[in-house]
Amino acid sequence: MSVSTVVPRHVFGLKGDVKDNIFYIDDATVIFPAGHNAVLYNTEQKVQKFIPGTIDTQGITSLALSPNHKYVAIAEKAEKAIITIYDLHTLKRRKVLSTSECGSEVYESMAFSPDGKTLAAQGGAPEWNLCCGFGRRPKLDFSPDGKTLAAQGGAPEWNLVLWIWEKTKVGSMIKSTNQQGMPVYQCAFNPHDGTLITCCGNQIFKSFRVSESHLKPLAPMLGKREPQMYTCHAWLPEEKERVVVGTDQGELLLVEGGELKASLASPAEGVSIESILPFSKGFVVGGDMGLLSLYEKTEDKEYYKKTKTFAIENNAVKVKNLAIQPGEETLICTLENNQIFLLGLSNSDIMKADEMNFELFTQSFHSQAITGMDCCIRKPLVATCSTDMSVRIWNYQDRTLELVKFFPEESYSIAFHPSGLHILVGFADKLRLMNLLMDDIRAYKEFGIKGCRECVFSHGGSYFAAVNSNTIQIYNSYTCENVGNLRGHNGKVRSIYWAPDDTKLVSAGMDGAVYEWKLKDFKRDKENVLKGCNYTCVVSTPDDHSIFAVGSDKKLKEFEDAQVSKEFDTATVLTQICLPLSGRTLFAASEAGTVRSYKFPLTGEFQEYQCHAGPITRMRIGFDDALLFCVSEDGCLFAFDVREKEARGGKGGTKEAMVYAEEVLVTKSDLEEKKARMAELETQVNELTMQNEYQLRLKDLNLNERIKDITEKFTHEIESDKSKFELLLQEKNEQEMEYEEKLKQAEERHGGQMQGLEGQYQQKIMTEVERYHSLQQEKELLNEKWDEQNSLLVESHERVIAELTEEYEEKLQEEQLHLHRVQQEKGEREREFEETKRQLEEDADREIEELKEKYEAKLTQEREIGLRLKGENGIMKKKFNALQKDIDDQKEEIKQLFEQKKELYQTIGSLEKDIGGLKKEISERDETIGDKEKRIYDLKKKNQELEKFKFVLDYKIKELKKQIEPRELEIADMKEQIKEMDHELERYHKNNASLDLTISDLKLKLDGIQKESLVQRKHNQDLQSVIRQFHHNLHETAQHIQDPKALKESVKKLYQKHCSEDLKATELEEDIQKEYNRQREYLEKSVESLKRKLHKDMEMHRQDNMRIMQENVSLIKEINELRREMKQSKQTQRSREMDFSSAPKTPKTSKTRSFSASGGLKNLPGSLDEAGREMDIQRAEISKLQARIFELERALSMHEQVNPRPLSRERLPPMDGFTMDGNQIA
């Protein structure tokens, strides 16, 4: 037979102790942890999808969502803390990240880098290391491209780990705690800089830089501020280097660029800040006492201003996590008491803080461990009770919370009546039977049972059983009478199970006893006691043939006739078991939070599903075996669909869906109160209707008169305004045409003047250009002549160097003076031309400006007239719009009144329908009463006739009895004979049974003897073959009797062949054994000493490594400082070189003059070497002068190309070698 599987359908609850436990995946989907699952809830379709936890882990500790919302990282507690990454589109597992280097069982916090290069994970005490990993490309999905993740580990190491999650390896790790080993609460990436990570904790706020595959601590951002408990922090995405830090004292610190900038206004004095969430306008702060504050960005020194503060009513607890919709219309928050609330932000700018209310996300959940749970047969309801002092009724069909009520004391157990109208709840002081009303849970009977841990209704609902310490008390559900007590347990009873026909009851307790009770006489029928085992749950099969129980001995037991027939090791403590009426599968729940489905009949084979994060306290199955419910200490209620792996064909076919009851209980007082209220409302409605009709008539008359007057008035005004407007428009058009004509004439006149001036100035410029070209040709001729002379001087320089030098200097001076004169003349001509041009342009511009001012004044006057007319027209329009608005308001008010009237009519109609229905029902009931009275009259007549028949029949019966008496005597004799024969037959059967047992024992003995004889025969055959072989070998050895060497070898072979087994120990061997033991002890001691030495060496080696590492760190710092110094020195040297190269060179003539002043070559010795050096110097000077002349010519030609015609009021740039006033540069 196939094993049934369980598929999660819905969960009611939240795991509130998970870090970052809620996110928006899109506008309609939210992810949050519940039990040991991550739940994806669609708010539009009201459907949940599940990501199950990893088997053999101890619960979820943290969540992280990738920036593009494609992946989610789930951290779970285990011997080696693990992180699992899932694809949110396929819900398939992508990677599992685990490392022994983290040194912690949990990850406290996780974060994805914005660029996708790194994944960081924070470990726990005492090491608090930070690890880092780098992605292959900066494009994934946990950053924008999701290749990297950051996770903060927990105790005892406190490491921050950066993962390369696609390669499943750690990139880097660092301890993030301080020297005292304080806890770290959160790690986060800078959204603009993926290499910057921050961590906050108790007296800790650190930042790290990811550099060259390493995490390097940065300087403290908060400076020398006194350390505090920094509970949370968040980077603001609008600002690149801005982070907000919250403390347990309610302080908000703003850090920007690695420095503390400001301390913002606190949400509330002394209230700790638990969560910070940035959004487009600023950020949201969640704190203790259920407070939520909005901060918006400002331009003043305060940076951010607190705009609104909200408080969640009746939930004065910590706001642990915040999330915002992608469209920023809704804010969602999770609280410390496992509740989820929504706050609409779309109208936050215009609404006051009092007007914005929080709403439950779906419904409220249990905030503490659930101790009891039961399901109903006639309605789709499940009842739960918890240590949070509440009793809740859940509708698993609509996925809603039907009822919730809080009590002053804790409740330990709960039972649901099959009708769905009553519940039984065991409180610390009493057991209470309660009615489920339409909107309340009310107790109507109390029983003096304190701390009732188990109570169950019978399947029919007529009775219920309640545990009072080690006694089971049976009560009638309707009379509340104690019909019997079941005593016999020596310890507290932990589990009760009613038989399907309610005639038997099975119980199990902490005394290791499993009893089966008969409720006919309230006595034990069967029993089994196993001391040392604390049973937690017991069930029986529908036919009462077998009983199943689980307890603290980690075994699943099956009992038949009060004896253990099967026993299976479960490897963990099973807390609850459940057997469907179909008997195809046995469901079991464990203290690890898993649900198992065992193959039935039991073979030990099972399938396991991880659903809860704590021990499962109760498990129930629906009446139709289609749904399985379980609750746990984690405060969650899971509903599972039970499915068969293989489709079953055959008799039943498809099972019809169960039709649930819809009736509810209402007390008479409530019904009368509602009726009185309805009558009162009807009278009020009638009065209001009449009053509203009268008021509406009056208002209609007044408004019609006002509308008529206003319409006539404004019609006349609009007509007069229209005529005025047409006249003004006509006048405006005429003036526009007149001024356009004037402007056109002025433009034509001005264009002719401009053309004349342009021609005149163009002619002047052409003459100046021709003159400039002639001067340039003269300059070129002079240059050619100078070049010829220079070449001649160079050729004859060796013969008469002194003469040529003097001649060259004279000619060079002449040429320079000539060039200087030419440049002066050119500059004077250009200045004259520029001055003339400037004066002409100023005259033309002055005339243009005068004309422009004249016509602009006229245009301004016309515009003022037009604006005045427009203003008057606007005022008239405003008046008209205001009146029109009043009319629209009046119409809207009338419309609203009509709608109210319509609603009132509808209410009246519905009430009249209800009254008609009630009258019809009364008439129908009157008719029914009449029919029943008629029926009673007919039945009375029939009864009289039947009494007559009875008298006749009694007489006949007496006659027949007289005839039956002899026959009855014969029948009694025959019965006695049959009883004797039955006793004899029973004796024969017993004899046959004993003979069958004797025969079976003899057969077993015979089979054992035969097997033993076969073994002995085989052993004898083996011995005979060995003996034969030994005879043969001995005969061969005897052949070498004459040859001693061969005989010796043959004897050795014979000994080795037949004497391989060890002989019995002798006294000598005992001494050897003692020696061996002594040596073994010596070697063990040596190994121990070597181990100690090795441990000591390893410790010394580790210390050496740490010392070397610290030295390396200091050396690296020195190297970095030296590199910075080298870089600075290079920059200094480069700047000096640039300054040196840009320094003004001394004029070339100064060198020549100094050279000539010193006497020239005439005063030098006649050495040829010195003359050669002087020639080289002169050649270098000549080449430099030639290069300078070439540069001047090129600059001049470029100037002509760039500025062929300077604009008005623009001064030409000075010529090279001249100042702005025309003086030559010395």
# chains A, B, ... in the order shown; residues from 1 in each chain; ligands from 1
>>> residues_around(residues="A:Gly16", least_positions_apart="3", cutoff="8 Å", atoms="only C-alpha atoms", output="ChimeraX atom specification")
/A:21,320,334-339
>>> residues_around(residues="stretch 202-207 of chain A", least_positions_apart="6", cutoff="9 Å", atoms="only C-alpha atoms", output="short mmCIF file (atom, residue, chain, number, x, y, z; two decimals) with N, CA, C and O atoms, in the first residue's frame")
data_model
loop_
_atom_site.label_atom_id
_atom_site.label_comp_id
_atom_site.auth_asym_id
_atom_site.auth_seq_id
_atom_site.Cartn_x
_atom_site.Cartn_y
_atom_site.Cartn_z
N SER A 176 33.67 40.62 13.78
CA SER A 176 33.04 41.94 13.80
C SER A 176 32.72 42.44 15.20
O SER A 176 32.24 43.55 15.35
N THR A 177 33.00 41.65 16.24
CA THR A 177 32.69 42.10 17.60
C THR A 177 33.86 42.91 18.16
O THR A 177 34.89 43.10 17.50
N ASN A 178 33.71 43.38 19.38
CA ASN A 178 34.78 44.11 20.04
C ASN A 178 35.56 43.17 20.97
O ASN A 178 35.34 41.95 20.98
N MET A 182 30.96 41.47 22.60
CA MET A 182 29.56 41.86 22.64
C MET A 182 28.83 41.39 21.37
O MET A 182 29.45 41.25 20.31
N PRO A 183 27.51 41.17 21.47
CA PRO A 183 26.77 40.65 20.30
C PRO A 183 26.63 41.69 19.20
O PRO A 183 26.59 42.89 19.45
N VAL A 184 26.55 41.19 17.96
CA VAL A 184 26.33 42.02 16.78
C VAL A 184 24.94 41.70 16.25
O VAL A 184 24.57 40.53 16.13
N TYR A 185 24.15 42.75 15.92
CA TYR A 185 22.76 42.56 15.55
C TYR A 185 22.50 42.62 14.05
O TYR A 185 21.60 41.97 13.56
N LEU A 196 31.62 48.71 0.71
CA LEU A 196 31.53 49.26 2.06
C LEU A 196 30.44 48.52 2.83
O LEU A 196 29.29 48.49 2.41
N LYS A 216 38.90 45.10 5.25
CA LYS A 216 39.78 45.95 6.05
C LYS A 216 38.92 46.88 6.91
O LYS A 216 38.04 47.57 6.40
N PRO A 217 39.16 46.89 8.23
CA PRO A 217 38.40 47.81 9.10
C PRO A 217 38.76 49.26 8.79
O PRO A 217 39.92 49.59 8.53
N LEU A 218 37.74 50.12 8.82
CA LEU A 218 37.94 51.54 8.59
C LEU A 218 37.90 52.29 9.93
O LEU A 218 37.57 51.73 10.96
N ALA A 219 38.24 53.55 9.86
CA ALA A 219 38.22 54.38 11.07
C ALA A 219 36.79 54.47 11.62
O ALA A 219 35.83 54.46 10.85
N PRO A 220 36.63 54.56 12.96
CA PRO A 220 35.28 54.61 13.54
C PRO A 220 34.49 55.80 13.01
O PRO A 220 34.97 56.94 13.01
N MET A 221 33.27 55.53 12.55
CA MET A 221 32.42 56.59 11.99
C MET A 221 31.89 57.52 13.07
O MET A 221 31.62 58.69 12.81
N LEU A 222 31.70 56.99 14.28
CA LEU A 222 31.12 57.79 15.36
C LEU A 222 32.19 58.50 16.20
O LEU A 222 31.88 59.08 17.24
N GLU A 226 30.80 58.09 23.26
CA GLU A 226 30.67 57.03 24.26
C GLU A 226 29.87 55.86 23.67
O GLU A 226 28.78 56.05 23.13
N PRO A 227 30.39 54.62 23.75
CA PRO A 227 29.69 53.48 23.13
C PRO A 227 28.32 53.26 23.75
O PRO A 227 28.12 53.43 24.94
N GLN A 228 27.37 52.89 22.88
CA GLN A 228 26.00 52.58 23.30
C GLN A 228 25.58 51.27 22.66
O GLN A 228 26.32 50.68 21.87
N MET A 229 24.38 50.85 22.99
CA MET A 229 23.82 49.70 22.30
C MET A 229 23.16 50.20 21.01
O MET A 229 22.10 50.83 21.04
N TYR A 230 23.83 49.94 19.87
CA TYR A 230 23.31 50.35 18.57
C TYR A 230 22.46 49.20 18.04
O TYR A 230 22.98 48.15 17.65
N THR A 231 21.14 49.39 18.05
CA THR A 231 20.22 48.28 17.76
C THR A 231 20.03 48.04 16.27
O THR A 231 19.82 46.90 15.86
N VAL A 245 21.67 55.60 12.27
CA VAL A 245 21.93 54.57 13.29
C VAL A 245 20.96 54.82 14.45
O VAL A 245 20.80 55.96 14.90
N GLY A 258 31.56 59.13 6.61
CA GLY A 258 32.40 58.57 7.67
C GLY A 258 32.49 59.42 8.92
O GLY A 258 33.30 59.14 9.79
#
>>> residues_around(residues="A:Glu239", least_positions_apart="6", cutoff="10 Å", atoms="only C-alpha atoms", output="MDAnalysis selection string")
chainID A and resid 191:192 256
>>> atom_distance(atom1="atom CA of A:Ser98", atom2="atom CA of A:Thr570")
27.5 Å
>>> select_by_dssp(residues="stretch 586-749 of chain A", states="strand (DSSP E or B)", output="PyMOL selection string")
chain A and resi 586-590+594-599+606-610+616-621+627-632+637-643+665
>>> residues_around(residues="stretch 459-465 of chain A", least_positions_apart="3", cutoff="8 Å", atoms="only C-alpha atoms", output="PDB file with all heavy atoms, in the first residue's frame")
ATOM      1  N   HIS A 417     -16.860  20.457  20.147  1.00  0.00           N
ATOM      2  CA  HIS A 417     -18.035  19.594  20.013  1.00  0.00           C
ATOM      3  C   HIS A 417     -18.284  19.315  18.534  1.00  0.00           C
ATOM      4  O   HIS A 417     -18.077  20.189  17.689  1.00  0.00           O
ATOM      5  CB  HIS A 417     -19.255  20.273  20.643  1.00  0.00           C
ATOM      6  CG  HIS A 417     -20.403  19.346  20.852  1.00  0.00           C
ATOM      7  ND1 HIS A 417     -21.366  19.125  19.893  1.00  0.00           N
ATOM      8  CD2 HIS A 417     -20.746  18.567  21.913  1.00  0.00           C
ATOM      9  CE1 HIS A 417     -22.251  18.261  20.341  1.00  0.00           C
ATOM     10  NE2 HIS A 417     -21.905  17.907  21.577  1.00  0.00           N
ATOM     11  N   PRO A 418     -18.716  18.092  18.163  1.00  0.00           N
ATOM     12  CA  PRO A 418     -18.930  17.774  16.735  1.00  0.00           C
ATOM     13  C   PRO A 418     -19.899  18.722  16.042  1.00  0.00           C
ATOM     14  O   PRO A 418     -19.790  18.949  14.845  1.00  0.00           O
ATOM     15  CB  PRO A 418     -19.480  16.345  16.781  1.00  0.00           C
ATOM     16  CG  PRO A 418     -18.975  15.776  18.056  1.00  0.00           C
ATOM     17  CD  PRO A 418     -18.904  16.903  19.026  1.00  0.00           C
ATOM     18  N   SER A 419     -20.839  19.312  16.788  1.00  0.00           N
ATOM     19  CA  SER A 419     -21.804  20.220  16.171  1.00  0.00           C
ATOM     20  C   SER A 419     -21.197  21.561  15.801  1.00  0.00           C
ATOM     21  O   SER A 419     -21.765  22.308  15.003  1.00  0.00           O
ATOM     22  CB  SER A 419     -22.969  20.451  17.126  1.00  0.00           C
ATOM     23  OG  SER A 419     -22.521  21.144  18.286  1.00  0.00           O
ATOM     24  N   CYS A 455      -8.710  17.035  27.361  1.00  0.00           N
ATOM     25  CA  CYS A 455     -10.162  16.866  27.369  1.00  0.00           C
ATOM     26  C   CYS A 455     -10.608  16.571  25.948  1.00  0.00           C
ATOM     27  O   CYS A 455     -10.093  17.174  24.998  1.00  0.00           O
ATOM     28  CB  CYS A 455     -10.868  18.100  27.928  1.00  0.00           C
ATOM     29  SG  CYS A 455     -10.485  19.638  27.074  1.00  0.00           S
ATOM     30  N   VAL A 456     -11.555  15.624  25.805  1.00  0.00           N
ATOM     31  CA  VAL A 456     -11.971  15.172  24.477  1.00  0.00           C
ATOM     32  C   VAL A 456     -13.469  14.892  24.516  1.00  0.00           C
ATOM     33  O   VAL A 456     -13.974  14.265  25.461  1.00  0.00           O
ATOM     34  CB  VAL A 456     -11.218  13.892  24.045  1.00  0.00           C
ATOM     35  CG1 VAL A 456     -11.582  13.523  22.616  1.00  0.00           C
ATOM     36  CG2 VAL A 456      -9.720  14.055  24.193  1.00  0.00           C
ATOM     37  N   ILE A 472      -9.621  10.020  35.108  1.00  0.00           N
ATOM     38  CA  ILE A 472     -10.355  10.453  33.929  1.00  0.00           C
ATOM     39  C   ILE A 472     -11.829  10.532  34.326  1.00  0.00           C
ATOM     40  O   ILE A 472     -12.421   9.527  34.748  1.00  0.00           O
ATOM     41  CB  ILE A 472     -10.171   9.490  32.753  1.00  0.00           C
ATOM     42  CG1 ILE A 472      -8.682   9.336  32.427  1.00  0.00           C
ATOM     43  CG2 ILE A 472     -10.942   9.965  31.537  1.00  0.00           C
ATOM     44  CD1 ILE A 472      -8.385   8.223  31.463  1.00  0.00           C
ATOM     45  N   GLN A 473     -12.417  11.732  34.206  1.00  0.00           N
ATOM     46  CA  GLN A 473     -13.812  11.932  34.570  1.00  0.00           C
ATOM     47  C   GLN A 473     -14.658  12.041  33.308  1.00  0.00           C
ATOM     48  O   GLN A 473     -14.324  12.792  32.390  1.00  0.00           O
ATOM     49  CB  GLN A 473     -13.965  13.196  35.427  1.00  0.00           C
ATOM     50  CG  GLN A 473     -13.236  13.107  36.763  1.00  0.00           C
ATOM     51  CD  GLN A 473     -13.416  14.340  37.621  1.00  0.00           C
ATOM     52  OE1 GLN A 473     -13.761  15.400  37.125  1.00  0.00           O
ATOM     53  NE2 GLN A 473     -13.179  14.201  38.922  1.00  0.00           N
ATOM     54  N   ILE A 474     -15.784  11.287  33.283  1.00  0.00           N
ATOM     55  CA  ILE A 474     -16.685  11.252  32.145  1.00  0.00           C
ATOM     56  C   ILE A 474     -17.935  12.045  32.514  1.00  0.00           C
ATOM     57  O   ILE A 474     -18.551  11.806  33.561  1.00  0.00           O
ATOM     58  CB  ILE A 474     -17.061   9.804  31.758  1.00  0.00           C
ATOM     59  CG1 ILE A 474     -15.803   8.932  31.652  1.00  0.00           C
ATOM     60  CG2 ILE A 474     -17.857   9.782  30.468  1.00  0.00           C
ATOM     61  CD1 ILE A 474     -14.854   9.348  30.572  1.00  0.00           C
ATOM     62  N   TYR A 475     -18.304  13.020  31.618  1.00  0.00           N
ATOM     63  CA  TYR A 475     -19.464  13.868  31.850  1.00  0.00           C
ATOM     64  C   TYR A 475     -20.426  13.757  30.677  1.00  0.00           C
ATOM     65  O   TYR A 475     -20.008  13.503  29.529  1.00  0.00           O
ATOM     66  CB  TYR A 475     -19.054  15.342  31.990  1.00  0.00           C
ATOM     67  CG  TYR A 475     -18.325  15.668  33.272  1.00  0.00           C
ATOM     68  CD1 TYR A 475     -16.939  15.524  33.352  1.00  0.00           C
ATOM     69  CD2 TYR A 475     -19.008  16.137  34.384  1.00  0.00           C
ATOM     70  CE1 TYR A 475     -16.260  15.827  34.518  1.00  0.00           C
ATOM     71  CE2 TYR A 475     -18.333  16.453  35.555  1.00  0.00           C
ATOM     72  CZ  TYR A 475     -16.964  16.293  35.616  1.00  0.00           C
ATOM     73  OH  TYR A 475     -16.297  16.603  36.772  1.00  0.00           O
ATOM     74  N   ASN A 476     -21.711  13.987  30.975  1.00  0.00           N
ATOM     75  CA  ASN A 476     -22.726  14.106  29.937  1.00  0.00           C
ATOM     76  C   ASN A 476     -22.680  15.528  29.394  1.00  0.00           C
ATOM     77  O   ASN A 476     -22.741  16.498  30.160  1.00  0.00           O
ATOM     78  CB  ASN A 476     -24.109  13.807  30.519  1.00  0.00           C
ATOM     79  CG  ASN A 476     -25.175  13.718  29.440  1.00  0.00           C
ATOM     80  OD1 ASN A 476     -25.361  14.643  28.678  1.00  0.00           O
ATOM     81  ND2 ASN A 476     -25.863  12.577  29.392  1.00  0.00           N
ATOM     82  N   SER A 477     -22.585  15.672  28.072  1.00  0.00           N
ATOM     83  CA  SER A 477     -22.397  16.991  27.461  1.00  0.00           C
ATOM     84  C   SER A 477     -23.606  17.884  27.624  1.00  0.00           C
ATOM     85  O   SER A 477     -23.465  19.113  27.618  1.00  0.00           O
ATOM     86  CB  SER A 477     -22.086  16.842  25.971  1.00  0.00           C
ATOM     87  OG  SER A 477     -20.923  16.094  25.785  1.00  0.00           O
ATOM     88  N   TYR A 478     -24.809  17.307  27.736  1.00  0.00           N
ATOM     89  CA  TYR A 478     -26.027  18.113  27.763  1.00  0.00           C
ATOM     90  C   TYR A 478     -26.515  18.382  29.195  1.00  0.00           C
ATOM     91  O   TYR A 478     -26.997  19.473  29.484  1.00  0.00           O
ATOM     92  CB  TYR A 478     -27.114  17.414  26.952  1.00  0.00           C
ATOM     93  CG  TYR A 478     -26.675  17.172  25.536  1.00  0.00           C
ATOM     94  CD1 TYR A 478     -26.382  15.885  25.075  1.00  0.00           C
ATOM     95  CD2 TYR A 478     -26.513  18.239  24.650  1.00  0.00           C
ATOM     96  CE1 TYR A 478     -25.962  15.672  23.778  1.00  0.00           C
ATOM     97  CE2 TYR A 478     -26.092  18.036  23.342  1.00  0.00           C
ATOM     98  CZ  TYR A 478     -25.812  16.743  22.908  1.00  0.00           C
ATOM     99  OH  TYR A 478     -25.382  16.538  21.630  1.00  0.00           O
ATOM    100  N   ILE A 496      -5.998  10.759  25.779  1.00  0.00           N
ATOM    101  CA  ILE A 496      -7.264  10.022  25.793  1.00  0.00           C
ATOM    102  C   ILE A 496      -7.722   9.850  24.357  1.00  0.00           C
ATOM    103  O   ILE A 496      -7.578  10.767  23.540  1.00  0.00           O
ATOM    104  CB  ILE A 496      -8.352  10.788  26.579  1.00  0.00           C
ATOM    105  CG1 ILE A 496      -7.874  11.138  27.989  1.00  0.00           C
ATOM    106  CG2 ILE A 496      -9.643   9.989  26.642  1.00  0.00           C
ATOM    107  CD1 ILE A 496      -8.816  12.057  28.718  1.00  0.00           C
ATOM    108  N   TRP A 498     -11.179   8.190  22.223  1.00  0.00           N
ATOM    109  CA  TRP A 498     -12.478   7.512  22.218  1.00  0.00           C
ATOM    110  C   TRP A 498     -12.527   6.530  21.061  1.00  0.00           C
ATOM    111  O   TRP A 498     -12.050   6.819  19.960  1.00  0.00           O
ATOM    112  CB  TRP A 498     -13.621   8.517  22.036  1.00  0.00           C
ATOM    113  CG  TRP A 498     -13.913   9.368  23.230  1.00  0.00           C
ATOM    114  CD1 TRP A 498     -13.293  10.525  23.565  1.00  0.00           C
ATOM    115  CD2 TRP A 498     -14.909   9.130  24.220  1.00  0.00           C
ATOM    116  NE1 TRP A 498     -13.824  11.041  24.718  1.00  0.00           N
ATOM    117  CE2 TRP A 498     -14.843  10.198  25.149  1.00  0.00           C
ATOM    118  CE3 TRP A 498     -15.851   8.120  24.433  1.00  0.00           C
ATOM    119  CZ2 TRP A 498     -15.670  10.294  26.243  1.00  0.00           C
ATOM    120  CZ3 TRP A 498     -16.691   8.217  25.533  1.00  0.00           C
ATOM    121  CH2 TRP A 498     -16.595   9.287  26.439  1.00  0.00           C
ATOM    122  N   PRO A 500     -14.471   4.563  18.014  1.00  0.00           N
ATOM    123  CA  PRO A 500     -15.443   5.139  17.062  1.00  0.00           C
ATOM    124  C   PRO A 500     -16.891   4.984  17.500  1.00  0.00           C
ATOM    125  O   PRO A 500     -17.733   5.830  17.196  1.00  0.00           O
ATOM    126  CB  PRO A 500     -15.161   4.372  15.770  1.00  0.00           C
ATOM    127  CG  PRO A 500     -13.741   3.942  15.886  1.00  0.00           C
ATOM    128  CD  PRO A 500     -13.526   3.662  17.336  1.00  0.00           C
ATOM    129  N   ASP A 501     -17.230   3.886  18.224  1.00  0.00           N
ATOM    130  CA  ASP A 501     -18.614   3.694  18.665  1.00  0.00           C
ATOM    131  C   ASP A 501     -18.864   4.261  20.062  1.00  0.00           C
ATOM    132  O   ASP A 501     -19.952   4.063  20.627  1.00  0.00           O
ATOM    133  CB  ASP A 501     -18.973   2.205  18.636  1.00  0.00           C
ATOM    134  CG  ASP A 501     -18.007   1.375  19.495  1.00  0.00           C
ATOM    135  OD1 ASP A 501     -17.081   1.979  20.092  1.00  0.00           O
ATOM    136  OD2 ASP A 501     -18.172   0.152  19.544  1.00  0.00           O
ATOM    137  N   ASP A 502     -17.889   4.956  20.655  1.00  0.00           N
ATOM    138  CA  ASP A 502     -18.008   5.612  21.960  1.00  0.00           C
ATOM    139  C   ASP A 502     -18.298   4.638  23.103  1.00  0.00           C
ATOM    140  O   ASP A 502     -18.774   5.048  24.165  1.00  0.00           O
ATOM    141  CB  ASP A 502     -19.093   6.693  21.927  1.00  0.00           C
ATOM    142  CG  ASP A 502     -18.730   7.853  21.018  1.00  0.00           C
ATOM    143  OD1 ASP A 502     -17.528   7.993  20.722  1.00  0.00           O
ATOM    144  OD2 ASP A 502     -19.634   8.602  20.605  1.00  0.00           O
TER     145      ASP A 502
END
>>> closest_residue(among="A:Val769, A:Arg863, A:Ala746, A:Val564", to="A:Leu851", atoms="only C-alpha atoms")
A:Ala746
>>> residues_around(residues="A:Thr400", least_positions_apart="4", cutoff="12 Å", atoms="only C-alpha atoms", output="count of residues only")
20
